[in-house]
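**Student:** To start, I am sharing the structure in question, which I have written as structure tokens.
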Amino acid sequence: MPLETPVRVVRALANRGYNADREAVTLIAETADPAETIDRVVEAAPDGALRLTSDHVRAALDAGTGSDGTTSRRERTGGTTDVTDGTTDATRTSADATRTPADATRTSADTTRTSADGPRDAAGSDPEDPPVSSGTLTRNSVDDSGGSPVETKGSRTVGDLSLRSVEITGDITGQSTGTGEYEDFVAVFRDRYERLSKQLRGRVNHRPAGTIGDMPGGSEVATIGLVNDVRSTRNGHWLVELEDTTGTFPCLFTKGRDISELVDELLLDECVAVEGRLSDDSGIIFADTLYFPDVPRTYRPSTADRHVQAALISDVHVGSQEFVGEAWSRFADWLHTAEADPVEYLLIAGDMVEGVGVYPNQDEELDIVDIYEQYETFSERLKEVPGDLEIVMIPGNHDAVRLAEPQPAFDEELRGIMSAHDARITGNPSTVTIEGVSVLMYHGVSLDEVIAELPAEKANCDEPHRAMYQLLKKRHVAPQYGGHMRLAPEERDYLVIEDVPDVFHTGHVHKIGWGKYHNVLAVNSGCWQAQTAFQKSVNIDPDVAYAPILDLDTLDMTVRKFV
Ligand code: D5M
Ligand code: FE
Ligand code: ZN
């Protein structure tokens, strides 16, 4: 492997799951055999090190140890590296409340809006409960009647800061106990079962799987379990195996009945209940009803006591050649105008930076190759928005934290780089309660899986909010283990949606989509990265430079465009 240039060294390290500071890269590039040096440095690096320093390189060169040094990112980070504490100081004051806009006369190009009595979204909706309103930017279902271009006048006035409140719950940061061992997987699935089966227990009279076979043939019976297997039979029926803490039991969904269509919605490892009749030999349940933990239809979200708004964004991807810096500045400038006075909160659902070594050949499209420089530039970009904004950030799959979910928040070093706004930096997922409105923030890697596995009318990439409805229905942000989504087994399943949120905010798929599911507002927030070569090759057409603005007093949404 020719490794004569620092960029190649960065790429080779990234392939091993490491970042390195510039001096370390230079030291490696200057050795006689950089490939061999990388092997040695990787081998000698302390467990859990995310970034290699010049000290690591020197120590490895001095020790003269040699080995093959191949360690996957997953093995290396398997649940033991997060040590930071996500608690934030409630008494803080705004760092820079008196900023004035760089260019307050700019106008935002366009807006689209929805309201509670907006367009009815009939296609593919939950058959029992049509969503109240929903929208995507690519379909003509968007009601833009109230959304003529708005002139921006005057500059931002900061209101009474004492009215603000932000509370964070469900954050893994500093709580990680997992070691990646088999027992941890047993523990996390047991916790998932305990907490989700509790939500189903009131609805069915279930029996432990291990005892169902002892019941008389023909009995009415119910079972609650994690989906262990879904298989079609030779006759076109579906065999679904459910597992609880006592064993597994097969349930047959006969073809042609309404219930068999629900099998399409099942993902492995999600928790469901099945009710039906036991076969004569007590070996199988003929399923009559399938229950998901779901959100109660009667759910009534909380709202703020005053007119105040939050901007919901994600996928900024600073460091990518496709990062749309000018559009970002237009967004930041708009926030400095009087029109944006009610916007007091900014939520960022992951992928702050492009990262390094995330996808094959990603480095060919990097504008900034050093991960720390990427965060420094992101921090500069963030300084463009008003200093009084309350900012909440979670990491995504491009960020420099462990990839496996739940992801802990940025470590101390990265917090130091992004310290300007005194942002609340928390794990993925986290629930952020803003003036009484609970917002479940999750980056959204599992959406890829939900979209790939489910029929298009239930989940597709042009309507990401439909995939989010499925996660709400399953009461779990990433039900299926394996595939794209990597699970870090912890004592507790942080990915269970224990309490129904008022708002569910995700990103990752780079498409805007929003709508209400049983009165919960689901918002997927688009991106600030123009189409990449990879996205072009697979026909992903991202929604770039839109900012969903949420009214916290009504839970209505306005999507603002800064293209
Ligand atoms: O992901 C943005 C979207 O694009 C998300 O739906 C995954 C998909 N994506 C992007 N690049 C790749 C590669 N190389 N393989 C598979 N899927 C990909 P983001 O996390 O922002 O890159
Ligand atoms: Fe992204
Ligand atoms: Zn992502």
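Order determines the names: the first chain of the structure tokens is A, the second B, and so forth; residues in each chain are numbered 1 upward, and ligands are numbered 1 upward as they are shown.
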Enumerate as a count of residues only the residues within 12 Å of ligand 2, counting only C-alpha atoms and all ligand atoms.

**Tutor:** 48

**Student:** Going by DSSP on the backbone, which bits of region 150-190 of chain A are strand (DSSP E or B)? Write them as a PyMOL selection string, please.

**Tutor:** chain A and resi 155+166-169

**Student:** Just asking: which residues within region 461-543 of chain A are helix (DSSP H, G or I) according to DSSP, as a list in words?

**Tutor:** Pro464, His465, Arg466, Ala467, Met468, Tyr469, Gln470, Leu471, Leu472, Lys473, Lys474, Ala533, Phe534, Gln535, Lys536 and Ser537 of chain A

**Student:** Using Å and a single decimal, report how far CA of Ala311 (chain A) sits from CA of Val158 (chain A).

**Tutor:** 15.9 Å

**Student:** Please determine, counting only C-alpha atoms, which residue among A:Val439, A:Ala545, A:Ala467, A:Val523 has the shortest atom-to-atom distance to Val166 (chain A).

**Tutor:**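 Nearest candidate to Val166 (chain A) out of A:Val439, A:Ala545, A:Ala467, A:Val523: A:Val439.
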
**Student:** Quick one: everything within 8 Å of Leu242 (chain A), counting only C-alpha atoms, minus sequence neighbours fewer than 3 positions away in the same chain. Send it as JSON, numbers by chain.

**Tutor:** {"A": [209, 223, 224, 225, 226, 227, 228, 229, 248, 249, 250, 251]}

**Student:** Can you work out which one of A:Ile391, A:Leu290, A:Met485, A:Leu414 has the shortest atom-to-atom distance to ligand 3, counting only C-alpha atoms and all ligand atoms?

**Tutor:**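 Once distances to ligand 3 are computed over only C-alpha atoms and all ligand atoms, the minimum belongs to A:Met485.
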
**Student:** Between A:Gly170, A:Pro548, A:Pro360, A:Pro34, which residue has the minimum interatomic distance to ligand 1, considering only C-alpha atoms and all ligand atoms?

**Tutor:**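 The closest residue to ligand 1 is A:Pro360.
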